[in-house]
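See structure below.
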Amino acid sequence: MKSLDELFAGVKTAAIAGHIRPDGDCVGSCLATYNYITTYYPQIEVSLYLQPIPNIFKFMKNADKIISDCIADKEFDLFIAQDCGDLGRLGDAAKYFEHAKKTACIDHHISNQSFADENYIFPQASSASELVFELIPRERLTKEIAECIYTGIIHDTGVFQYSCTSEKTMEAAGVLMGMGIDFPKIVDQTFFTKTYEQNRIMGLALVKSKLHLDGKCISSIITAEEMREYNVLPKHLDGIVSQLRVTKDVEAAVFLYQTDEENYKVSTRSASYVDVAKIAAKYGGGGHVRAAGFSVAGDPEKRLNEIIEDIREQITD
């Protein structure tokens, strides 16, 4: 695949979807593709399926067109999965993928096994949004599409601070900025600005945090009861694991939050050499070398100790 246009020959109906609990890159890349199709292929009936997105991303064009339920039974000519490492991560939208006449996947997760008919998989890319940028001819970029792609890139690079940021990433950002987007506002309002409740729960996570492995690892756990007390949802916990990771001398950060009575979502980050994607794969999850996630069941303290032992093996090596 060299461009998005290659996918659309003979297509009358198309669906786009990203991973469950969509983040900035997922929302940005999916909306960029949706807006590209509606702008240049108005004859294609296109649907975008994502779980409810954070309010901070609703400024992007056609965010109000996102469908958050998969009740209807439909068969699409084309299904495009984006920022999604495997079929299971599509959630309920997976049924549309399975019944589509043709499928495509645009992704940068190292765990992706090229599960679609057409695959554009580059783990070294900063984001799925950067890959969408590569697939759109420069002359067909619009300001609205540029806003979506730029939003996705800054969220998966931590505003260009993570190691996944490359020269290509910065060149793409420069082109997008040249489209007249309000990039300082996008960065401030979607990445840095937090609600009072978000700041409080982050403060709690930091207060509860513990150091391990002679200060090379840091962890914190937030329970469902604490989320209710602080009036936050899982989507409001974004940024906590990254804040833990920037603690001086810390190589790896582990953050667990409760999703139901028995289960916890685990987010991991590393600074320079611990491969957290390898650890995530052990627990049935996935992600990137420096940022990965998975779920565990049972006693969170016991599960955390097991994860710390996995990190210890890499630090010792």
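Just so we're on the same page: first chain in the structure tokens is A, next is B, and so on; residues restart at 1 for each chain, and ligands are numbered from 1 in the order they show up.
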Practice prompt. Return as a PyMOL selection string the full set of residues in stretch 13-211 of chain A whose backbone-based DSSP assignment is alpha helix (DSSP H).
Written response: chain A and resi 24-40+94-99+128-135+143-157+167-177+183-187+196-208
Practice prompt. Per DSSP on the backbone, filter stretch 81-288 of chain A down to the residues in strand (DSSP E) and report them as number ranges by chain.
Written response: A: 81-82, 102-107, 118-121, 210-212, 217-222, 252-258, 263-270, 286-287
Dump as an mmCIF file, in the first residue's frame, selection limited to N, CA and C atoms:
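To be explicit, this is the file written out as again11.cif:
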data_model
loop_
_atom_site.group_PDB
_atom_site.id
_atom_site.type_symbol
_atom_site.label_atom_id
_atom_site.label_comp_id
_atom_site.auth_asym_id
_atom_site.auth_seq_id
_atom_site.Cartn_x
_atom_site.Cartn_y
_atom_site.Cartn_z
ATOM 1 N N ALA A 81 -8.873 -0.952 9.867
ATOM 2 C CA ALA A 81 -8.524 -0.944 11.287
ATOM 3 C C ALA A 81 -7.284 -0.065 11.469
ATOM 4 N N GLN A 82 -7.332 0.831 12.450
ATOM 5 C CA GLN A 82 -6.213 1.759 12.651
ATOM 6 C C GLN A 82 -5.770 1.787 14.112
ATOM 7 N N LYS A 102 -13.244 -6.665 2.037
ATOM 8 C CA LYS A 102 -11.810 -6.387 2.006
ATOM 9 C C LYS A 102 -11.429 -5.671 3.293
ATOM 10 N N THR A 103 -10.260 -6.000 3.839
ATOM 11 C CA THR A 103 -9.825 -5.369 5.083
ATOM 12 C C THR A 103 -8.432 -4.773 4.931
ATOM 13 N N ALA A 104 -8.184 -3.730 5.706
ATOM 14 C CA ALA A 104 -6.875 -3.084 5.724
ATOM 15 C C ALA A 104 -6.536 -2.713 7.156
ATOM 16 N N CYS A 105 -5.247 -2.626 7.442
ATOM 17 C CA CYS A 105 -4.802 -2.243 8.777
ATOM 18 C C CYS A 105 -3.647 -1.253 8.657
ATOM 19 N N ILE A 106 -3.766 -0.149 9.375
ATOM 20 C CA ILE A 106 -2.713 0.872 9.453
ATOM 21 C C ILE A 106 -2.303 0.968 10.909
ATOM 22 N N ASP A 107 -1.082 0.567 11.221
ATOM 23 C CA ASP A 107 -0.731 0.440 12.635
ATOM 24 C C ASP A 107 0.781 0.515 12.850
ATOM 25 N N GLU A 118 -4.818 -6.103 3.522
ATOM 26 C CA GLU A 118 -3.795 -5.106 3.186
ATOM 27 C C GLU A 118 -3.257 -4.534 4.491
ATOM 28 N N ASN A 119 -1.943 -4.539 4.663
ATOM 29 C CA ASN A 119 -1.356 -4.081 5.915
ATOM 30 C C ASN A 119 -0.297 -3.022 5.680
ATOM 31 N N TYR A 120 -0.386 -1.950 6.458
ATOM 32 C CA TYR A 120 0.630 -0.907 6.445
ATOM 33 C C TYR A 120 1.117 -0.794 7.885
ATOM 34 N N ILE A 121 2.066 -1.657 8.237
ATOM 35 C CA ILE A 121 2.521 -1.814 9.616
ATOM 36 C C ILE A 121 3.988 -1.407 9.720
ATOM 37 N N LYS A 210 5.269 3.857 44.925
ATOM 38 C CA LYS A 210 6.365 3.200 45.636
ATOM 39 C C LYS A 210 7.531 2.967 44.676
ATOM 40 N N LEU A 211 8.729 3.048 45.234
ATOM 41 C CA LEU A 211 9.932 2.760 44.451
ATOM 42 C C LEU A 211 10.362 1.313 44.665
ATOM 43 N N HIS A 212 10.904 0.716 43.613
ATOM 44 C CA HIS A 212 11.389 -0.660 43.660
ATOM 45 C C HIS A 212 12.734 -0.737 42.951
ATOM 46 N N CYS A 217 12.565 1.454 39.428
ATOM 47 C CA CYS A 217 11.185 1.167 39.047
ATOM 48 C C CYS A 217 10.243 1.870 40.020
ATOM 49 N N ILE A 218 9.135 2.358 39.490
ATOM 50 C CA ILE A 218 8.134 3.023 40.320
ATOM 51 C C ILE A 218 6.759 2.461 39.969
ATOM 52 N N SER A 219 5.872 2.389 40.968
ATOM 53 C CA SER A 219 4.541 1.844 40.723
ATOM 54 C C SER A 219 3.495 2.602 41.519
ATOM 55 N N SER A 220 2.248 2.454 41.064
ATOM 56 C CA SER A 220 1.123 2.986 41.826
ATOM 57 C C SER A 220 -0.127 2.220 41.423
ATOM 58 N N ILE A 221 -1.080 2.147 42.347
ATOM 59 C CA ILE A 221 -2.327 1.432 42.121
ATOM 60 C C ILE A 221 -3.494 2.322 42.529
ATOM 61 N N ILE A 222 -4.493 2.423 41.655
ATOM 62 C CA ILE A 222 -5.721 3.161 41.959
ATOM 63 C C ILE A 222 -6.896 2.194 41.896
ATOM 64 N N ALA A 252 11.659 2.324 34.699
ATOM 65 C CA ALA A 252 10.367 1.755 34.324
ATOM 66 C C ALA A 252 9.281 2.147 35.321
ATOM 67 N N ALA A 253 8.088 2.411 34.785
ATOM 68 C CA ALA A 253 6.936 2.757 35.614
ATOM 69 C C ALA A 253 5.796 1.794 35.337
ATOM 70 N N VAL A 254 5.083 1.429 36.401
ATOM 71 C CA VAL A 254 3.947 0.516 36.286
ATOM 72 C C VAL A 254 2.761 1.143 37.008
ATOM 73 N N PHE A 255 1.650 1.285 36.307
ATOM 74 C CA PHE A 255 0.446 1.867 36.896
ATOM 75 C C PHE A 255 -0.728 0.926 36.683
ATOM 76 N N LEU A 256 -1.394 0.562 37.782
ATOM 77 C CA LEU A 256 -2.552 -0.312 37.723
ATOM 78 C C LEU A 256 -3.798 0.451 38.178
ATOM 79 N N TYR A 257 -4.896 0.264 37.459
ATOM 80 C CA TYR A 257 -6.162 0.787 37.941
ATOM 81 C C TYR A 257 -7.249 -0.254 37.755
ATOM 82 N N GLN A 258 -8.185 -0.275 38.689
ATOM 83 C CA GLN A 258 -9.207 -1.308 38.726
ATOM 84 C C GLN A 258 -10.290 -1.056 37.687
ATOM 85 N N ASN A 263 -10.472 -7.376 38.063
ATOM 86 C CA ASN A 263 -9.492 -7.052 37.033
ATOM 87 C C ASN A 263 -8.902 -5.654 37.155
ATOM 88 N N TYR A 264 -7.647 -5.580 36.717
ATOM 89 C CA TYR A 264 -6.926 -4.314 36.706
ATOM 90 C C TYR A 264 -6.280 -4.106 35.344
ATOM 91 N N LYS A 265 -6.331 -2.876 34.862
ATOM 92 C CA LYS A 265 -5.618 -2.497 33.652
ATOM 93 C C LYS A 265 -4.222 -2.046 34.066
ATOM 94 N N VAL A 266 -3.221 -2.483 33.325
ATOM 95 C CA VAL A 266 -1.835 -2.154 33.641
ATOM 96 C C VAL A 266 -1.234 -1.334 32.504
ATOM 97 N N SER A 267 -0.681 -0.194 32.845
ATOM 98 C CA SER A 267 0.046 0.630 31.874
ATOM 99 C C SER A 267 1.511 0.663 32.283
ATOM 100 N N THR A 268 2.392 0.481 31.320
ATOM 101 C CA THR A 268 3.830 0.474 31.604
ATOM 102 C C THR A 268 4.560 1.444 30.681
ATOM 103 N N ARG A 269 5.623 2.018 31.210
ATOM 104 C CA ARG A 269 6.483 2.910 30.424
ATOM 105 C C ARG A 269 7.931 2.645 30.815
ATOM 106 N N SER A 270 8.840 2.864 29.886
ATOM 107 C CA SER A 270 10.263 2.753 30.213
ATOM 108 C C SER A 270 11.020 3.910 29.581
ATOM 109 N N GLY A 286 -0.054 -5.879 24.665
ATOM 110 C CA GLY A 286 0.826 -5.466 23.576
ATOM 111 C C GLY A 286 1.134 -3.989 23.663
ATOM 112 N N GLY A 287 1.786 -3.500 22.633
ATOM 113 C CA GLY A 287 2.137 -2.087 22.603
ATOM 114 C C GLY A 287 3.472 -1.855 21.963
#
Report as JSON lines: every residue of stretch 2-43 of chain A with an atom at most 12 Å from stretch 229-247 of chain A, its closest pair of atoms, and their distance in Å to one decimal, counting only C-alpha atoms, with rows sorted by chain and ascending residue number.
{"residue": "A:Ile20", "atom": "CA", "partner": "A:Lys235", "partner_atom": "CA", "distance": 11.2}
{"residue": "A:Arg21", "atom": "CA", "partner": "A:Lys235", "partner_atom": "CA", "distance": 7.4}
{"residue": "A:Pro22", "atom": "CA", "partner": "A:Lys235", "partner_atom": "CA", "distance": 8.9}
{"residue": "A:Asp23", "atom": "CA", "partner": "A:Lys235", "partner_atom": "CA", "distance": 8.6}
{"residue": "A:Gly24", "atom": "CA", "partner": "A:Asp238", "partner_atom": "CA", "distance": 10.3}
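If you look at atom CA of A:Lys101 and atom CA of A:Glu45, they are 14.7 Å away from each other.
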Worksheet item: Counting only C-alpha atoms, what is within 9 Å of A:Leu131, bar same-chain residues fewer than 3 positions away, as a PyMOL selection string?
Response: chain A and resi 29+106-108+120-122+125-128+134-136
Worksheet item: With only C-alpha atoms as the basis for distance, which of A:Leu90, A:Val175, A:Met170, A:Leu4 is at the shortest distance from A:Tyr41?
Response: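 Counting only C-alpha atoms, the residue closest to A:Tyr41 is A:Leu4.
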Discussion item. Quick one: residues within 12 Å of A:Asp64, only C-alpha atoms, excluding same-chain residues fewer than 6 positions away - as a PyMOL selection string?
Written reply: chain A and resi 27+31+34+47-50+52-53+55+57-58
Can I get the selected residues back with all heavy atoms, as a compact mmCIF listing (two decimals), in the first residue's frame?
# COMPACT_ATOMS: atom_id res chain seq x y z
N VAL A 27 -8.02 8.27 17.92
CA VAL A 27 -9.07 9.19 17.46
C VAL A 27 -8.57 10.03 16.29
O VAL A 27 -9.26 10.18 15.27
CB VAL A 27 -9.53 10.11 18.61
CG1 VAL A 27 -10.59 11.09 18.11
CG2 VAL A 27 -10.10 9.29 19.76
N LEU A 31 -10.17 9.74 12.52
CA LEU A 31 -10.90 10.89 11.98
C LEU A 31 -10.20 11.46 10.76
O LEU A 31 -10.87 11.96 9.84
CB LEU A 31 -11.06 11.96 13.06
CG LEU A 31 -12.25 11.78 14.00
CD1 LEU A 31 -12.20 12.77 15.15
CD2 LEU A 31 -13.57 11.92 13.23
N TYR A 34 -11.35 9.21 8.00
CA TYR A 34 -12.78 9.46 7.76
C TYR A 34 -12.96 10.76 6.98
O TYR A 34 -13.71 10.82 5.99
CB TYR A 34 -13.51 9.54 9.09
CG TYR A 34 -15.00 9.77 8.97
CD1 TYR A 34 -15.89 8.70 8.88
CD2 TYR A 34 -15.53 11.07 8.97
CE1 TYR A 34 -17.27 8.91 8.77
CE2 TYR A 34 -16.90 11.29 8.86
CZ TYR A 34 -17.75 10.20 8.76
OH TYR A 34 -19.11 10.42 8.64
N SER A 47 -18.60 4.76 7.63
CA SER A 47 -18.98 4.79 9.04
C SER A 47 -17.73 4.68 9.90
O SER A 47 -16.82 3.90 9.58
CB SER A 47 -19.94 3.64 9.37
OG SER A 47 -21.10 3.70 8.58
N LEU A 48 -17.68 5.43 10.99
CA LEU A 48 -16.55 5.39 11.92
C LEU A 48 -17.02 4.88 13.27
O LEU A 48 -17.88 5.50 13.91
CB LEU A 48 -15.93 6.78 12.06
CG LEU A 48 -14.85 6.97 13.12
CD1 LEU A 48 -13.73 5.95 12.97
CD2 LEU A 48 -14.29 8.38 13.08
N TYR A 49 -16.44 3.75 13.71
CA TYR A 49 -16.83 3.13 14.98
C TYR A 49 -15.72 3.29 16.01
O TYR A 49 -14.59 2.81 15.82
CB TYR A 49 -17.12 1.64 14.76
CG TYR A 49 -18.30 1.37 13.86
CD1 TYR A 49 -18.12 1.16 12.50
CD2 TYR A 49 -19.59 1.36 14.37
CE1 TYR A 49 -19.21 0.93 11.66
CE2 TYR A 49 -20.69 1.12 13.55
CZ TYR A 49 -20.48 0.91 12.19
OH TYR A 49 -21.56 0.69 11.38
N LEU A 50 -16.03 3.97 17.10
CA LEU A 50 -15.12 4.10 18.23
C LEU A 50 -15.94 4.14 19.51
O LEU A 50 -17.05 4.67 19.52
CB LEU A 50 -14.29 5.39 18.14
CG LEU A 50 -13.20 5.51 17.08
CD1 LEU A 50 -12.62 6.92 17.09
CD2 LEU A 50 -12.11 4.48 17.29
N PRO A 52 -16.86 5.75 23.11
CA PRO A 52 -16.94 7.19 23.41
C PRO A 52 -15.56 7.81 23.64
O PRO A 52 -14.74 7.27 24.38
CB PRO A 52 -17.79 7.23 24.68
CG PRO A 52 -18.69 6.04 24.55
CD PRO A 52 -17.83 4.97 23.91
N ILE A 53 -15.33 8.93 22.97
CA ILE A 53 -14.01 9.56 23.03
C ILE A 53 -13.99 10.67 24.09
O ILE A 53 -15.03 11.25 24.42
CB ILE A 53 -13.60 10.13 21.66
CG1 ILE A 53 -14.53 11.30 21.26
CG2 ILE A 53 -13.63 9.04 20.59
CD1 ILE A 53 -14.08 12.04 20.00
N ASN A 55 -13.76 14.26 25.75
CA ASN A 55 -14.28 15.54 25.24
C ASN A 55 -13.21 16.40 24.58
O ASN A 55 -13.51 17.18 23.67
CB ASN A 55 -14.94 16.33 26.38
CG ASN A 55 -16.23 15.68 26.85
OD1 ASN A 55 -16.91 15.00 26.09
ND2 ASN A 55 -16.57 15.89 28.11
N PHE A 57 -11.12 15.75 22.48
CA PHE A 57 -10.91 15.45 21.06
C PHE A 57 -12.11 15.78 20.19
O PHE A 57 -12.07 15.59 18.97
CB PHE A 57 -10.56 13.96 20.90
CG PHE A 57 -9.31 13.54 21.62
CD1 PHE A 57 -9.31 12.41 22.42
CD2 PHE A 57 -8.15 14.29 21.52
CE1 PHE A 57 -8.17 12.02 23.10
CE2 PHE A 57 -6.99 13.90 22.20
CZ PHE A 57 -7.01 12.77 22.99
N LYS A 58 -13.15 16.30 20.78
CA LYS A 58 -14.38 16.53 20.02
C LYS A 58 -14.32 17.78 19.15
O LYS A 58 -15.27 18.07 18.41
CB LYS A 58 -15.57 16.58 20.97
CG LYS A 58 -15.87 15.22 21.60
CD LYS A 58 -17.09 15.25 22.50
CE LYS A 58 -17.37 13.86 23.06
NZ LYS A 58 -18.53 13.84 24.00
Discussion item. I'd like the interatomic distance between atom CA of A:Asp214 and atom CA of A:Glu301, to a tenth of an Å.
Written reply: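 If I compute the distance from atom CA of A:Asp214 to atom CA of A:Glu301, I get 18.4 Å.
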Worksheet item: What does the distance from atom CA of A:Gly158 to atom CA of A:Arg290 come to in Å, to one decimal?
Response: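 Value for the atom CA of A:Gly158-atom CA of A:Arg290 distance: 12.0 Å.
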Item to complete: Write out as a list in words the residues lying within 12 Å of A:Pro42, counting only C-alpha atoms and excluding same-chain residues fewer than 6 positions away.
Response: Phe8, Val11, Lys12, Thr13, Ala14, Tyr34, Asn35 and Tyr36 of chain A
Worksheet entry | A:Phe59 surroundings by only C-alpha atoms, 10 Å radius, close-in-sequence under 4 positions cut, as a list of chain:residue names | A:Asn55, A:Ala63, A:Asp64, A:Glu147, A:Cys148, A:Ile186, A:Thr190
Practice prompt. Tell me, as a ChimeraX atom specification, which residues lie within 12 Å of A:Gln189, counting only C-alpha atoms; anything in the same chain fewer than 4 positions away does not count.
Written response: /A:54-59,151,154-155,182-185,193-195
Discussion item. When you count only C-alpha atoms, which of these residues is closest to A:Ile153: A:Ala277, A:Cys26, A:Ile201, A:Ala297?
Written reply: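 For A:Ile153, the nearest of the candidates is A:Cys26.
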